[in-house]
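Coordinates from coords23.cif are shown below (mmCIF, C-alpha atoms).
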data_upload
loop_
_atom_site.label_atom_id
_atom_site.label_comp_id
_atom_site.auth_asym_id
_atom_site.auth_seq_id
_atom_site.Cartn_x
_atom_site.Cartn_y
_atom_site.Cartn_z
CA MET A 926 84.76 -173.68 -106.04
CA ARG A 927 84.12 -170.97 -108.56
CA LEU A 928 87.01 -168.88 -109.80
CA ARG A 929 85.66 -165.73 -108.17
CA ASP A 930 85.42 -167.47 -104.81
CA LEU A 931 89.01 -168.64 -105.10
CA LEU A 932 90.24 -165.20 -106.15
CA THR A 933 88.34 -163.55 -103.30
CA ALA A 934 89.80 -165.99 -100.77
CA VAL A 935 93.36 -165.40 -102.00
CA LEU A 936 92.92 -161.61 -102.01
CA ALA A 937 91.36 -161.69 -98.54
CA ILE A 938 94.33 -163.61 -97.15
CA ALA A 939 96.80 -161.24 -98.84
CA LEU A 940 94.97 -158.16 -97.54
CA GLY A 941 94.75 -159.73 -94.09
CA VAL A 942 98.50 -160.42 -94.03
CA ILE A 943 99.22 -156.81 -95.07
CA PHE A 944 97.01 -155.40 -92.30
CA ILE A 945 98.36 -157.71 -89.61
CA TYR A 946 101.92 -156.87 -90.66
CA ALA A 947 101.03 -153.17 -90.63
CA SER A 948 99.74 -153.39 -87.06
CA LEU A 949 102.69 -155.13 -85.38
CA ASP A 950 105.24 -152.31 -85.11
CA LYS A 951 102.50 -149.89 -84.01
CA ILE A 952 101.38 -152.30 -81.28
CA GLU A 953 104.94 -152.66 -80.04
CA HIS A 954 105.62 -148.89 -80.07
CA PRO A 955 102.36 -147.02 -79.29
CA ASP A 956 104.09 -143.73 -78.45
CA ALA A 957 106.14 -143.80 -81.65
CA PHE A 958 102.95 -144.28 -83.66
CA ALA A 959 101.31 -141.42 -81.73
CA ARG A 960 104.17 -139.15 -82.85
CA ILE A 961 103.40 -140.03 -86.46
CA VAL A 962 99.68 -139.38 -85.99
CA TYR A 963 100.66 -135.92 -84.64
CA HIS A 964 102.75 -135.28 -87.74
CA TYR A 965 99.63 -135.39 -89.92
CA ARG A 966 98.19 -132.47 -87.87
CA LEU A 967 94.70 -133.75 -88.57
CA ILE A 968 93.22 -134.67 -85.18
CA GLY A 969 95.61 -132.80 -82.92
CA PRO A 970 97.27 -132.15 -80.71
CA SER A 971 96.01 -128.59 -81.06
CA ALA A 972 95.09 -125.74 -78.78
CA SER A 973 91.44 -126.79 -78.80
CA VAL A 974 91.61 -130.59 -78.46
CA GLY A 975 94.99 -131.38 -76.89
CA PRO A 976 96.80 -134.67 -77.50
CA LEU A 977 94.01 -137.05 -76.38
CA PRO A 978 92.21 -137.72 -79.72
CA ALA A 979 95.48 -138.41 -81.54
CA ASN A 980 96.71 -140.61 -78.68
CA LEU A 981 93.45 -142.60 -78.64
CA ALA A 982 93.67 -143.12 -82.41
CA ALA A 983 97.29 -144.24 -82.10
CA VAL A 984 96.51 -146.72 -79.34
CA THR A 985 93.38 -148.27 -80.86
CA LEU A 986 93.90 -148.18 -84.64
CA PRO A 987 96.53 -150.97 -84.82
CA TRP A 988 94.24 -153.31 -82.88
CA VAL A 989 91.40 -152.69 -85.31
CA GLU A 990 93.88 -153.40 -88.12
CA ILE A 991 95.02 -156.69 -86.60
CA LEU A 992 91.46 -157.88 -85.84
CA ALA A 993 90.32 -157.01 -89.36
CA GLY A 994 93.37 -158.84 -90.71
CA ILE A 995 92.62 -161.95 -88.64
CA ALA A 996 88.99 -161.87 -89.80
CA LEU A 997 90.06 -161.58 -93.45
CA ILE A 998 92.45 -164.52 -93.19
CA SER A 999 90.15 -166.75 -91.16
CA GLY A 1000 87.12 -165.94 -93.28
CA VAL A 1001 84.97 -165.23 -90.22
CA TRP A 1002 83.02 -162.00 -90.84
CA ARG A 1003 85.13 -161.58 -93.96
CA ARG A 1004 82.85 -159.16 -95.81
CA GLU A 1005 82.44 -156.99 -92.72
CA ALA A 1006 86.19 -156.94 -92.12
CA ALA A 1007 86.79 -156.03 -95.78
CA GLY A 1008 84.27 -153.20 -95.50
CA LEU A 1009 86.02 -151.96 -92.39
CA VAL A 1010 89.42 -152.15 -94.09
CA ALA A 1011 87.95 -150.16 -96.98
CA LEU A 1012 86.80 -147.52 -94.49
CA LEU A 1013 90.27 -147.42 -92.91
CA LEU A 1014 91.85 -147.01 -96.34
CA VAL A 1015 89.50 -144.11 -97.13
CA ILE A 1016 90.65 -142.50 -93.86
CA PHE A 1017 94.32 -143.12 -94.78
CA LEU A 1018 93.75 -141.67 -98.25
CA GLY A 1019 92.11 -138.63 -96.68
CA ALA A 1020 94.97 -138.15 -94.20
CA VAL A 1021 97.70 -138.43 -96.84
CA SER A 1022 95.80 -136.10 -99.20
CA TRP A 1023 95.36 -133.60 -96.37
CA ALA A 1024 99.09 -133.66 -95.67
CA LEU A 1025 99.97 -133.26 -99.35
CA LEU A 1026 97.47 -130.42 -99.84
CA HIS A 1027 98.77 -128.55 -96.79
CA GLY A 1028 102.41 -129.01 -97.68
CA ILE A 1029 103.03 -131.07 -94.55
CA ASP A 1030 106.13 -133.13 -95.14
CA ILE A 1031 105.51 -136.61 -93.69
CA GLU A 1032 108.87 -138.39 -93.68
CA ASN A 1033 107.40 -141.60 -92.32
CA CYS A 1034 103.80 -142.34 -93.26
CA GLY A 1035 103.44 -144.77 -90.33
CA CYS A 1036 102.13 -147.43 -92.68
CA PHE A 1037 104.29 -150.37 -91.66
CA THR A 1038 107.08 -149.10 -89.45
CA VAL A 1039 106.89 -146.38 -86.83
CA THR A 1040 110.44 -146.44 -85.54
CA GLY A 1041 113.31 -145.12 -87.61
CA ALA A 1042 112.95 -144.35 -91.27
CA GLY A 1043 109.76 -145.30 -93.03
CA ARG A 1044 108.23 -144.51 -96.37
CA GLY A 1045 107.22 -140.96 -97.12
CA ALA A 1046 103.63 -139.94 -97.72
CA GLY A 1047 103.28 -139.02 -101.37
CA ILE A 1048 101.46 -139.73 -104.61
CA LYS A 1049 102.85 -143.27 -104.77
CA LEU A 1050 101.34 -144.05 -101.37
CA LEU A 1051 97.98 -142.68 -102.53
CA ALA A 1052 98.09 -145.01 -105.54
CA GLU A 1053 98.91 -148.03 -103.35
CA ASP A 1054 96.15 -147.24 -100.87
CA LEU A 1055 93.74 -146.80 -103.76
CA ALA A 1056 94.70 -150.23 -105.15
CA LEU A 1057 94.16 -151.81 -101.72
CA LEU A 1058 90.83 -150.00 -101.48
CA VAL A 1059 89.68 -151.60 -104.75
CA VAL A 1060 90.70 -155.03 -103.41
CA ALA A 1061 88.91 -154.44 -100.09
CA LEU A 1062 85.72 -153.30 -101.84
CA PHE A 1063 85.85 -156.34 -104.13
CA ILE A 1064 86.07 -158.67 -101.12
CA ALA A 1065 83.33 -156.77 -99.29
CA ALA A 1066 81.06 -157.17 -102.33
CA SER A 1067 81.79 -160.89 -102.78
CA PRO A 1068 79.40 -163.31 -101.11
CA VAL A 1069 81.09 -165.87 -98.89
CA PRO A 1070 80.42 -169.31 -100.37
CA SER A 1071 78.62 -171.46 -97.86
CA THR A 1072 79.81 -175.04 -97.95
CA LEU A 1073 77.10 -175.89 -95.44
CA THR A 1074 74.20 -174.92 -97.67
CA THR A 1075 75.67 -176.40 -100.85
CA PRO A 1076 77.57 -179.48 -99.68
CA ALA A 1077 77.57 -181.18 -103.06
CA ALA A 1078 78.38 -178.16 -105.19
CA ASP A 1079 81.88 -179.35 -106.11
CA ALA A 1080 81.01 -183.01 -106.40
CA MET B 508 72.98 -154.86 -93.99
CA ALA B 509 72.30 -153.73 -90.41
CA LEU B 510 73.89 -156.94 -89.17
CA ARG B 511 77.02 -156.24 -91.25
CA VAL B 512 77.35 -152.72 -89.84
CA ILE B 513 76.92 -154.09 -86.33
CA ARG B 514 79.61 -156.71 -86.94
CA ALA B 515 82.03 -154.08 -88.29
CA ALA B 516 81.26 -151.91 -85.26
CA VAL B 517 81.96 -154.91 -83.00
CA ILE B 518 85.43 -155.26 -84.59
CA VAL B 519 86.09 -151.54 -83.99
CA ALA B 520 84.83 -151.70 -80.39
CA LEU B 521 86.82 -154.85 -79.64
CA GLY B 522 89.94 -153.31 -81.21
CA GLY B 523 89.44 -150.18 -79.16
CA CYS B 524 89.11 -152.13 -75.92
CA LEU B 525 92.14 -154.30 -76.72
CA GLY B 526 94.16 -151.20 -77.59
CA LEU B 527 93.27 -149.44 -74.34
CA ALA B 528 93.92 -152.60 -72.32
CA TRP B 529 97.27 -153.15 -74.08
CA ASN B 530 98.25 -149.53 -73.50
CA SER B 531 97.62 -149.73 -69.77
CA LEU B 532 98.75 -153.30 -69.07
CA SER B 533 101.58 -154.20 -71.46
CA GLY B 534 104.18 -151.85 -70.04
CA LEU B 535 104.72 -150.46 -73.56
CA GLY B 536 101.96 -147.87 -73.31
CA PHE B 537 101.96 -144.19 -72.37
CA ALA B 538 99.68 -141.73 -70.56
CA LEU B 539 96.94 -140.81 -73.02
CA THR B 540 96.75 -137.19 -71.86
CA ARG B 541 100.46 -136.65 -72.49
CA ASN B 542 101.93 -135.06 -75.61
CA VAL B 543 104.44 -137.72 -76.68
CA LEU B 544 106.66 -135.15 -78.43
CA VAL B 545 107.47 -133.64 -75.04
CA GLN B 546 110.09 -135.63 -73.18
CA GLU B 547 110.74 -135.36 -69.48
CA GLU B 548 113.90 -133.31 -69.83
CA ASP B 549 112.32 -130.81 -72.26
CA GLN B 550 111.83 -127.32 -70.90
CA VAL B 551 108.58 -125.97 -72.35
CA VAL B 552 107.41 -122.36 -71.95
CA ASP B 553 104.03 -120.87 -72.84
CA VAL B 554 103.61 -117.95 -75.20
CA ALA B 555 103.29 -115.26 -72.51
CA GLU B 556 106.45 -116.47 -70.79
CA ALA B 557 108.20 -116.56 -74.16
CA LYS B 558 107.28 -112.95 -74.88
CA THR B 559 108.63 -111.88 -71.50
CA ARG B 560 111.89 -113.69 -72.21
CA LEU B 561 112.11 -112.09 -75.65
CA GLY B 562 111.78 -108.71 -73.98
CA GLN B 563 114.60 -109.66 -71.61
CA GLY B 564 116.90 -110.42 -74.51
CA ALA B 565 116.39 -114.16 -75.03
CA LEU B 566 117.63 -115.52 -78.37
CA PHE B 567 114.77 -117.05 -80.36
CA LEU B 568 115.39 -119.76 -82.96
CA ASP B 569 112.98 -120.73 -85.72
CA ALA B 570 113.25 -124.48 -86.38
CA ARG B 571 110.92 -124.49 -89.39
CA PRO B 572 112.20 -124.72 -92.97
CA GLU B 573 113.70 -121.37 -93.94
CA ALA B 574 110.96 -120.62 -96.50
CA PHE B 575 108.46 -120.42 -93.64
CA TYR B 576 110.82 -118.18 -91.67
CA ASN B 577 110.97 -115.81 -94.62
CA MET B 578 107.18 -115.68 -94.85
CA ALA B 579 106.84 -114.57 -91.22
CA HIS B 580 108.67 -115.09 -87.94
CA ILE B 581 109.03 -113.81 -84.40
CA PRO B 582 110.91 -110.47 -84.55
CA GLY B 583 114.54 -110.95 -83.60
CA SER B 584 114.49 -114.71 -84.07
CA LEU B 585 117.11 -116.44 -86.19
CA PRO B 586 116.49 -119.34 -88.58
CA LEU B 587 117.85 -122.68 -87.36
CA PRO B 588 115.93 -125.14 -89.53
CA GLU B 589 115.89 -128.68 -88.15
CA GLU B 590 116.26 -130.10 -91.67
CA ASP B 591 119.54 -128.21 -92.13
CA PHE B 592 120.71 -128.25 -88.52
CA ASP B 593 124.44 -128.86 -88.89
CA ARG B 594 125.07 -126.08 -91.40
CA ALA B 595 122.84 -123.56 -89.62
CA PHE B 596 124.34 -124.46 -86.25
CA ALA B 597 127.89 -123.94 -87.49
CA ARG B 598 126.91 -120.45 -88.64
CA LEU B 599 125.13 -119.52 -85.41
CA GLU B 600 127.35 -121.29 -82.89
CA PRO B 601 129.29 -118.21 -81.63
CA ARG B 602 126.01 -116.36 -81.12
CA LEU B 603 124.43 -119.33 -79.35
CA ARG B 604 127.39 -119.87 -77.04
CA GLY B 605 127.07 -116.25 -75.94
CA SER B 606 123.35 -116.49 -75.19
CA LEU B 607 122.14 -117.19 -71.69
CA ASP B 608 118.54 -117.82 -72.69
CA VAL B 609 117.54 -119.64 -75.89
CA VAL B 610 113.95 -120.39 -76.97
CA VAL B 611 113.15 -122.62 -79.98
CA TYR B 612 109.84 -122.68 -81.82
CA CYS B 613 108.36 -124.33 -84.90
CA ALA B 614 104.97 -124.78 -86.54
CA GLY B 615 103.26 -125.89 -83.33
CA PHE B 616 101.05 -128.81 -82.38
CA GLY B 617 102.26 -131.76 -84.45
CA CYS B 618 105.56 -130.08 -85.27
CA GLU B 619 108.52 -131.84 -83.69
CA ALA B 620 111.34 -129.74 -85.15
CA SER B 621 111.65 -127.43 -82.12
CA HIS B 622 111.96 -130.43 -79.80
CA ILE B 623 114.63 -132.01 -81.98
CA VAL B 624 116.59 -128.75 -82.30
CA ALA B 625 116.39 -128.12 -78.54
CA ARG B 626 117.71 -131.62 -77.83
CA LYS B 627 120.53 -131.23 -80.34
CA LEU B 628 121.48 -127.91 -78.75
CA LYS B 629 121.42 -129.53 -75.32
CA GLU B 630 123.76 -132.26 -76.57
CA ARG B 631 126.13 -129.47 -77.58
CA GLY B 632 125.95 -127.87 -74.16
CA ILE B 633 123.41 -125.15 -74.97
CA PRO B 634 120.23 -125.38 -72.88
CA ALA B 635 117.17 -124.26 -74.85
CA ALA B 636 113.49 -123.91 -73.99
CA ILE B 637 110.68 -124.86 -76.38
CA LEU B 638 107.76 -122.53 -77.12
CA HIS B 639 104.59 -124.52 -76.43
CA ASP B 640 102.37 -124.72 -79.55
CA GLY B 641 105.00 -122.68 -81.41
CA TRP B 642 104.29 -120.17 -84.15
CA PRO B 643 100.45 -120.61 -84.17
CA ALA B 644 100.36 -119.75 -80.44
CA TRP B 645 102.41 -116.61 -81.13
CA GLN B 646 100.03 -115.61 -83.95
CA ASP B 647 96.93 -116.37 -81.87
CA ALA B 648 98.30 -114.08 -79.14
CA HIS B 649 98.54 -111.31 -81.79
CA TYR B 650 102.16 -110.58 -80.92
CA ALA B 651 104.38 -108.78 -83.42
CA GLU B 652 105.55 -110.63 -86.55
CA ARG B 653 108.21 -109.87 -89.10
CA THR B 654 108.39 -110.93 -92.75
CA GLY B 655 111.43 -111.48 -94.93
CA ALA B 656 114.89 -112.88 -94.29
CA GLN B 657 115.89 -110.17 -91.81
CA PRO B 658 115.64 -111.15 -88.11
#

Translate this file's structure into structure tokens.
Amino acid sequence: MRLRDLLTAVLAIALGVIFIYASLDKIEHPDAFARIVYHYRLIGPSASVGPLPANLAAVTLPWVEILAGIALISGVWRREAAGLVALLLVIFLGAVSWALLHGIDIENCGCFTVTGAGRGAGIKLLAEDLALLVVALFIAASPVPSTLTTPAADA
Amino acid sequence: MALRVIRAAVIVALGGCLGLAWNSLSGLGFALTRNVLVQEEDQVVDVAEAKTRLGQGALFLDARPEAFYNMAHIPGSLPLPEEDFDRAFARLEPRLRGSLDVVVYCAGFGCEASHIVARKLKERGIPAAILHDGWPAWQDAHYAERTGAQP
């Protein structure tokens, strides 16, 4: 196995673990996560759209996170899952930037925990999301080694 | 490439279906048309009703940070910022105890401060209504505003 393949596999598992971990508290407390989505004031609730878009995002997003995490760890559809995670991270980066630019004080970013005190949404969070984005893009760009087509490659 | 996009879309679609199923079947979910900031015991009033109550002498409280209050607020309202509740409450308590009708507002929509302040007031024996959609609703209705620290 080439070094890049090994590195990609390790990073994919790490990213998968992070995303599965991030989904669990949200799955257990959908309404608490909805509250946090509201706090960003990005997709409502507002006079024009009501609470439905934010509620839908809160209910479905953690399940996309956990599926992408499982795909990253298992290696099935790994590049697609990494691409999807990259897209999610771009959305998170956009949401946090939006909050920072509009002076919206997000006490709990809703990243890992949605009940009680969480981490704030600030510059440090942007840097972390950016680092994860680089990792996700690296995995998405790395071909999955096929042991079926090259059975004797390591021999 | 098309196949990869389709696979990513499948993950999103599957996640969406699982999320909706979990929300309706797990017992942990909530009604998707409901604003989760509003709890059953909350008394919420719309902007027209709020204006009527203001005219009848209701005491209005601004739950936003005080800097926002100073920029503009509902005329006659007093600052009771959620982030500094205990101190502000101690100052306003005599006034609040003497008020029969209290309405709390904040920055609207995703703002939870008015709900938190109203609940804290209720715990202290002061029933308070919440202005639905808060300050933006008041502005959209083109009702009077006041700037500065004076109520």

Item to complete: Report as JSON, numbers by chain the full result of the PyMOL selection byres ((chain B and resi 545-562) around 7) when it is applied to this structure.
Response: {"B": [542, 543, 544, 563, 564, 565, 636, 637, 638, 639, 644, 645]}

Output file for the selection above: C-alpha atoms, as a PDB file, keeping the file's coordinate frame:
ATOM      1  CA  ASN B 542     101.930-135.060 -75.610  1.00  0.00           C
ATOM      2  CA  VAL B 543     104.440-137.720 -76.680  1.00  0.00           C
ATOM      3  CA  LEU B 544     106.660-135.150 -78.430  1.00  0.00           C
ATOM      4  CA  GLN B 563     114.600-109.660 -71.610  1.00  0.00           C
ATOM      5  CA  GLY B 564     116.900-110.420 -74.510  1.00  0.00           C
ATOM      6  CA  ALA B 565     116.390-114.160 -75.030  1.00  0.00           C
ATOM      7  CA  ALA B 636     113.490-123.910 -73.990  1.00  0.00           C
ATOM      8  CA  ILE B 637     110.680-124.860 -76.380  1.00  0.00           C
ATOM      9  CA  LEU B 638     107.760-122.530 -77.120  1.00  0.00           C
ATOM     10  CA  HIS B 639     104.590-124.520 -76.430  1.00  0.00           C
ATOM     11  CA  ALA B 644     100.360-119.750 -80.440  1.00  0.00           C
ATOM     12  CA  TRP B 645     102.410-116.610 -81.130  1.00  0.00           C
TER      13      TRP B 645
END

Discussion item. Set the distance at 12 Å and use all atoms listed in the file: which residues neighbour Ala538 (chain B) once local chain neighbours fewer than 4 positions away are removed? I'd like the list as a ChimeraX atom specification.
Written reply: /A:955-956,959,976-977,980-981,984 /B:527,530-532,534,542-543

Worksheet item: By how many Å are CA of Val1060 (chain A) and CA of Gly1000 (chain A) apart?
Response: 15.3 Å

Worksheet item: Would you list which chain A residues are within 9 Å of chain B using all atoms listed in the file, as a PyMOL selection string?
Response: chain A and resi 952-957+959-967+969-972+975-993+1002+1004-1006+1008-1009

Worksheet item: What's the 12 Å shell around Leu603 (chain B), counting only C-alpha atoms, without same-chain residues fewer than 4 positions away, as a ChimeraX atom specification?
Response: /B:565-568,584-585,587,595-599,607-611,625,628-629,631-635

Expected file: the selected residues, C-alpha atoms, as a PDB file, keeping the file's coordinate frame:
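File part01.pdb, as written:
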ATOM      1  CA  ALA B 565     116.390-114.160 -75.030  1.00  0.00           C
ATOM      2  CA  LEU B 566     117.630-115.520 -78.370  1.00  0.00           C
ATOM      3  CA  PHE B 567     114.770-117.050 -80.360  1.00  0.00           C
ATOM      4  CA  LEU B 568     115.390-119.760 -82.960  1.00  0.00           C
ATOM      5  CA  SER B 584     114.490-114.710 -84.070  1.00  0.00           C
ATOM      6  CA  LEU B 585     117.110-116.440 -86.190  1.00  0.00           C
ATOM      7  CA  LEU B 587     117.850-122.680 -87.360  1.00  0.00           C
ATOM      8  CA  ALA B 595     122.840-123.560 -89.620  1.00  0.00           C
ATOM      9  CA  PHE B 596     124.340-124.460 -86.250  1.00  0.00           C
ATOM     10  CA  ALA B 597     127.890-123.940 -87.490  1.00  0.00           C
ATOM     11  CA  ARG B 598     126.910-120.450 -88.640  1.00  0.00           C
ATOM     12  CA  LEU B 599     125.130-119.520 -85.410  1.00  0.00           C
ATOM     13  CA  LEU B 607     122.140-117.190 -71.690  1.00  0.00           C
ATOM     14  CA  ASP B 608     118.540-117.820 -72.690  1.00  0.00           C
ATOM     15  CA  VAL B 609     117.540-119.640 -75.890  1.00  0.00           C
ATOM     16  CA  VAL B 610     113.950-120.390 -76.970  1.00  0.00           C
ATOM     17  CA  VAL B 611     113.150-122.620 -79.980  1.00  0.00           C
ATOM     18  CA  ALA B 625     116.390-128.120 -78.540  1.00  0.00           C
ATOM     19  CA  LEU B 628     121.480-127.910 -78.750  1.00  0.00           C
ATOM     20  CA  LYS B 629     121.420-129.530 -75.320  1.00  0.00           C
ATOM     21  CA  ARG B 631     126.130-129.470 -77.580  1.00  0.00           C
ATOM     22  CA  GLY B 632     125.950-127.870 -74.160  1.00  0.00           C
ATOM     23  CA  ILE B 633     123.410-125.150 -74.970  1.00  0.00           C
ATOM     24  CA  PRO B 634     120.230-125.380 -72.880  1.00  0.00           C
ATOM     25  CA  ALA B 635     117.170-124.260 -74.850  1.00  0.00           C
TER      26      ALA B 635
END

Item to complete: Neighbourhood query: residues within 7 Å of (107.6, -143.9, -92.5), file coordinates, counting all atoms listed in the file; return as an MDAnalysis selection string.
Response: chainID A and resid 1032:1036 1038:1039 1042:1045

Would you mind exporting C-alpha atoms of the selected residues as a tab-separated table (two decimals), in the coordinates of the input?
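Result saved to out.tsv:
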chain	number	residue	atom	x	y	z
A	1032	GLU	CA	108.87	-138.39	-93.68
A	1033	ASN	CA	107.40	-141.60	-92.32
A	1034	CYS	CA	103.80	-142.34	-93.26
A	1035	GLY	CA	103.44	-144.77	-90.33
A	1036	CYS	CA	102.13	-147.43	-92.68
A	1038	THR	CA	107.08	-149.10	-89.45
A	1039	VAL	CA	106.89	-146.38	-86.83
A	1042	ALA	CA	112.95	-144.35	-91.27
A	1043	GLY	CA	109.76	-145.30	-93.03
A	1044	ARG	CA	108.23	-144.51	-96.37
A	1045	GLY	CA	107.22	-140.96	-97.12

Worksheet item: At what distance in Å, to one decimal, does CA of Ala579 (chain B) lie from CA of Ile1029 (chain A)?
Response: 17.3 Å

Discussion item. Expand the PyMOL selection byres ((chain A and resi 1052-1056) around 12) into the explicit residue set it covers here, and present it as a PyMOL selection string.
Written reply: chain A and resi 936+940+943-944+1010-1022+1034+1036+1046-1051+1057-1063

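Taking CA of Ala656 (chain B) and CA of Lys627 (chain B) as endpoints, the distance between them is 23.7 Å.
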
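Distance check against Pro572 (chain B) using all atoms listed in the file: of B:Gly641, B:Ser606, B:Ala620, B:Pro601, the minimum falls on B:Ala620.
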
Discussion item. Show me, as a count of residues only, the residues that have an atom within 12 Å of Asn577 (chain B) when counting all atoms listed in the file, minus same-chain residues fewer than 3 positions from it.
Written reply: 19

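Minimum atom-to-atom distance to Gln646 (chain B), evaluated using only C-alpha atoms, belongs to B:Ala614 out of B:Ala614, B:Glu600, B:Asp591, B:Ala570.
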